[in-house]
Each structure stands twice: as structure tokens, then as C-alpha cells.
Amino acid sequence: MSIRENLLNIKATLPSQVTLVAVSKTKPVSDLMQAYEAGQRVFGENKIQEMTDKWEQMPKDIEWHMIGHIQSNKVKYMAPYVSLVHGVDSLKLLEEINKQAQKNNRIIDCLLQVHIAEEETKFGLDENELDELLQSDTFKNLKNIKIVGLMGMATFTENRTQIKKEFQHLKTIFDKNQQLTTDNRQLKTLSMGMSGDYQLAIECGSTMVRIGSSIFGTR
Ligand SMILES: *Cc1c(COP(=O)(O)O)cnc(C)c1O
């Protein structure tokens, strides 16, 4: 099936409140343009350099989402244009995003990544670290970032019960943190679910799914 057909088939199954991020990492601009021509306007990349190259070459009505692990020294390259940063997992990184956003005279929307998987290797804050970050004075004084939600990745396993448990856990943390709203904190987006588990994620309350291989093919 073509990229267009894959995309339209997936979109047809998504509830209206769920945003589809087309994860286009490693794929050429020609593939992204097929999705663009089928109506897709939100793309996710996991390397800042690659995302910036594609941003330069592609139409300017695209929303670019950074979904990967971020190196602080590269934040400046995406600061002029990035729409949403999914993988924020430290106050230090948030301070750097704030600094670069300020230089560009804008506010950058961010999601805090929460560690919900069993694997040690997946990035993210645990619940205590999340609370600490959100309660710190340093965070409260950042004016050029806004925390608009949470992001998480489930364990890579065939065990649906476990994946579901992890998504439900993240939803609980999300609901708890949604209650307090400040100038730089208003949780409305819950980014969870990829090609293999997005239906389950939506059942558990996801509002944003990040789908790559089911649209663009295997990498
Ligand atoms: C690559 C990636 C995805 C998409 O994975 P697929 O299995 O290809 O859908 C989603 N989220 C993150 C953080 C990724 O790095």
C-alpha cells in the first residue's frame, strides 16, 4: 500500500480528539511530501539536524514535533520553528529550551517525558522527579516555555496487559497533574502510542499518537 493509503486508513480509525504525529525519521523528503499531499501537517522527527534539514526543504505550514532524546547544545537549531518538544526529561534541558525560545522571542510548547516502561534504557522522569521539577522555583520562573502535557513509551513487549497497565499509569499521573494550571503549565496533551500499540493507548486516554512504520514502512 502507498504512504497515502496507509495514512488515510489510520486517520479514518482515529477519534476526532486524537492528533496524529507522522513519524518520518530516516525517511526522505519525497516520502514526507506524499503524506503532506494526502493532508498530513504534523510530522515527528528524533534528530534535530535531520528535522531542521527537512524543515528548510518543506512547506512552511507544517508543524514539526521533536520526539527524540535531545542534546542541549542542539536546541538552538530547532528553537526558531519547532511546534512541540515531546521528550523533555530534565530541568536543565527545559532551561536551555527556555533560553533559546527567549532569543527567538517566542514560547515553546513542551511535554515532559515520564518513564513508565520496565526497561532501564528508556528515558524519562519518574513520578518523584516530575513532582520535583514542577514544584521548583526555577521551573515556575521560566516564561518562554509552556508544559502542555506528558509523553511516555510503554515497554517493548507482546504482553498487552503490561502495556495497558503502563499506559493507565501514565493517564493517572496526567489526570493528577492536570488539576493545577499556571502561566507556564496547562496539561492538555497526553502523547502515548506508536504503530504497535496506538489503539490500546487511545483506549487508555491518549490524545496524541506517534506513528511511523505503519505509515512510511519499516526503517
Ligand atoms: C520512532 C518513534 C516512534 C514511531 O515508532 P513506530 O513504531 O515506527 O510507529 C514513536 N515515538 C518515538 C519516541 C519514536 O522514536
# chains A, B, ... in the order shown; residues from 1 in each chain; ligands from 1

$ closest_atom_pairs --of "chain A" --to "ligand 1" --cutoff "7 Å" --atoms "only C-alpha atoms and all ligand atoms" --output "tab-separated table"
residue	atom	partner	partner_atom_place_in_ligand_line	distance
A:Val23	CA	ligand 1	4 (C)	5.5
A:Lys25	CA	ligand 1	1 (C)	6.9
A:Asn46	CA	ligand 1	15 (O)	6.0
A:Ile67	CA	ligand 1	13 (C)	5.0
A:Gly68	CA	ligand 1	13 (C)	5.4
A:Met194	CA	ligand 1	9 (O)	4.2
A:Ser195	CA	ligand 1	9 (O)	3.6
A:Gly196	CA	ligand 1	7 (O)	6.0
A:Arg210	CA	ligand 1	10 (C)	4.6
A:Ile211	CA	ligand 1	9 (O)	3.7
A:Gly212	CA	ligand 1	8 (O)	3.6
A:Ser213	CA	ligand 1	8 (O)	3.7
A:Ser214	CA	ligand 1	9 (O)	6.1

$ residues_around --residues "Ser90 in chain A" --least-positions-apart "6" --cutoff "9 Å" --atoms "only C-alpha atoms" --output "NGL selection string"
:A and (112-113 or 124-125 or 129-130 or 133)

$ write_last_selection --atoms "all heavy atoms" --output "short mmCIF file (atom, residue, chain, number, x, y, z; two decimals), in the first residue's frame"
data_model
loop_
_atom_site.label_atom_id
_atom_site.label_comp_id
_atom_site.auth_asym_id
_atom_site.auth_seq_id
_atom_site.Cartn_x
_atom_site.Cartn_y
_atom_site.Cartn_z
N LEU A 112 6.56 16.81 29.11
CA LEU A 112 7.55 16.14 29.97
C LEU A 112 7.44 14.64 29.74
O LEU A 112 6.34 14.08 29.73
CB LEU A 112 7.29 16.49 31.43
CG LEU A 112 7.56 17.96 31.80
CD1 LEU A 112 7.12 18.24 33.24
CD2 LEU A 112 9.02 18.32 31.59
N GLN A 113 8.59 14.02 29.51
CA GLN A 113 8.59 12.57 29.29
C GLN A 113 8.66 11.85 30.63
O GLN A 113 9.54 12.11 31.45
CB GLN A 113 9.77 12.16 28.40
CG GLN A 113 9.75 10.67 28.10
CD GLN A 113 10.72 10.26 27.00
OE1 GLN A 113 11.40 11.10 26.41
NE2 GLN A 113 10.79 8.96 26.74
N GLY A 124 13.26 9.34 30.61
CA GLY A 124 12.09 9.92 31.23
C GLY A 124 12.23 10.11 32.72
O GLY A 124 13.10 9.53 33.37
N LEU A 125 11.36 10.97 33.25
CA LEU A 125 11.34 11.26 34.68
C LEU A 125 10.50 10.23 35.41
O LEU A 125 9.48 9.78 34.86
CB LEU A 125 10.69 12.63 34.91
CG LEU A 125 11.32 13.83 34.19
CD1 LEU A 125 10.29 14.93 33.99
CD2 LEU A 125 12.50 14.35 35.00
N GLU A 129 10.53 12.71 40.41
CA GLU A 129 11.30 13.72 39.67
C GLU A 129 10.38 14.70 38.96
O GLU A 129 10.65 15.89 38.86
CB GLU A 129 12.22 13.03 38.65
CG GLU A 129 13.34 12.24 39.31
CD GLU A 129 14.06 11.31 38.35
OE1 GLU A 129 13.45 10.88 37.33
OE2 GLU A 129 15.23 10.98 38.61
N LEU A 130 9.26 14.17 38.46
CA LEU A 130 8.26 15.02 37.81
C LEU A 130 7.70 16.05 38.79
O LEU A 130 7.64 17.25 38.49
CB LEU A 130 7.13 14.14 37.25
CG LEU A 130 5.97 14.84 36.56
CD1 LEU A 130 6.42 15.46 35.24
CD2 LEU A 130 4.81 13.88 36.33
N LEU A 133 10.35 18.67 39.69
CA LEU A 133 10.55 19.64 38.61
C LEU A 133 9.43 20.68 38.60
O LEU A 133 9.68 21.88 38.61
CB LEU A 133 10.63 18.90 37.27
CG LEU A 133 11.06 19.70 36.04
CD1 LEU A 133 11.60 18.77 34.95
CD2 LEU A 133 9.93 20.54 35.47
#

$ closest_residue --among "A:Thr19, A:Gln49, A:Thr218, A:Ser72" --to "Ile97 in chain A" --atoms "only C-alpha atoms"
A:Ser72

$ closest_residue --among "A:Phe139, A:Phe174, A:Tyr81, A:Trp64" --to "Ser206 in chain A" --atoms "only C-alpha atoms"
A:Phe174

$ closest_residue --among "A:Lys143, A:His65, A:Arg185, A:Arg160" --to "Gln102 in chain A" --atoms "only C-alpha atoms"
A:Lys143

$ select_by_dssp --residues "range 14-198 of chain A" --states "strand (DSSP E or B)" --output "JSON, numbers by chain"
{"A": [19, 20, 21, 22, 23, 42, 43, 44, 45, 63, 64, 65, 66, 84, 85, 86, 87, 88, 108, 109, 110, 111, 112, 113, 114, 125, 145, 146, 147, 148, 149, 150, 151, 152, 182, 185, 186, 187, 188, 189, 190, 191]}

$ select_by_dssp --residues "range 50-218 of chain A" --states "helix (DSSP H, G or I)" --output "count of residues only"
70

$ residues_around --residues "Gly39 in chain A" --least-positions-apart "4" --cutoff "10 Å" --atoms "only C-alpha atoms" --output "list in words"
Arg4, Leu7, Leu8, Met33, Gln34 and Ala35 of chain A

$ write_last_selection --atoms "all heavy atoms" --output "short mmCIF file (atom, residue, chain, number, x, y, z; two decimals), in the first residue's frame"
data_model
loop_
_atom_site.label_atom_id
_atom_site.label_comp_id
_atom_site.auth_asym_id
_atom_site.auth_seq_id
_atom_site.Cartn_x
_atom_site.Cartn_y
_atom_site.Cartn_z
N ARG A 4 0.12 7.30 1.13
CA ARG A 4 -1.18 7.97 1.17
C ARG A 4 -2.27 7.07 1.74
O ARG A 4 -3.03 7.46 2.64
CB ARG A 4 -1.55 8.41 -0.26
CG ARG A 4 -2.88 9.11 -0.34
CD ARG A 4 -3.32 9.35 -1.79
NE ARG A 4 -4.60 10.01 -1.77
CZ ARG A 4 -4.74 11.34 -1.62
NH1 ARG A 4 -3.68 12.11 -1.55
NH2 ARG A 4 -5.94 11.87 -1.56
N LEU A 7 -1.75 6.28 5.46
CA LEU A 7 -2.09 7.45 6.27
C LEU A 7 -3.61 7.61 6.39
O LEU A 7 -4.15 7.77 7.49
CB LEU A 7 -1.48 8.70 5.64
CG LEU A 7 -1.76 10.01 6.36
CD1 LEU A 7 -0.88 10.13 7.60
CD2 LEU A 7 -1.54 11.20 5.46
N LEU A 8 -4.30 7.54 5.26
CA LEU A 8 -5.75 7.77 5.28
C LEU A 8 -6.47 6.65 6.04
O LEU A 8 -7.43 6.91 6.76
CB LEU A 8 -6.29 7.93 3.86
CG LEU A 8 -5.75 9.17 3.10
CD1 LEU A 8 -6.33 9.25 1.70
CD2 LEU A 8 -6.00 10.47 3.87
N MET A 33 6.58 14.24 1.57
CA MET A 33 5.71 15.02 0.68
C MET A 33 4.48 14.22 0.25
O MET A 33 3.42 14.80 0.03
CB MET A 33 6.50 15.52 -0.54
CG MET A 33 7.36 16.76 -0.27
SD MET A 33 6.50 18.15 0.53
CE MET A 33 5.30 18.58 -0.74
N GLN A 34 4.63 12.90 0.16
CA GLN A 34 3.44 12.09 -0.15
C GLN A 34 2.41 12.19 0.97
O GLN A 34 1.20 12.28 0.71
CB GLN A 34 3.83 10.62 -0.37
CG GLN A 34 4.59 10.38 -1.66
CD GLN A 34 4.90 8.91 -1.86
OE1 GLN A 34 4.05 8.05 -1.64
NE2 GLN A 34 6.13 8.62 -2.26
N ALA A 35 2.90 12.17 2.19
CA ALA A 35 1.98 12.33 3.33
C ALA A 35 1.41 13.74 3.36
O ALA A 35 0.22 13.94 3.62
CB ALA A 35 2.72 12.01 4.64
#

$ closest_residue --among "A:Ile62, A:Ile173, A:Ile116, A:Leu84" --to "Lys146 in chain A" --atoms "only C-alpha atoms"
A:Leu84

$ atom_distance --atom1 "CA of Met208 in chain A" --atom2 "CA of Thr155 in chain A"
18.0 Å

$ residues_around --residues "range 51-57 of chain A" --least-positions-apart "4" --cutoff "8 Å" --atoms "only C-alpha atoms" --output "list of chain:residue names"
A:Val29, A:Glu45, A:Asn46, A:Lys47, A:Trp64, A:Met66, A:Tyr77, A:Met78

$ atom_distance --atom1 "CA of Glu96 in chain A" --atom2 "CA of Asn184 in chain A"
15.2 Å

$ closest_residue --among "A:Gly193, A:Asn159, A:Ile3, A:Leu150" --to "Asp175 in chain A" --atoms "only C-alpha atoms"
A:Leu150
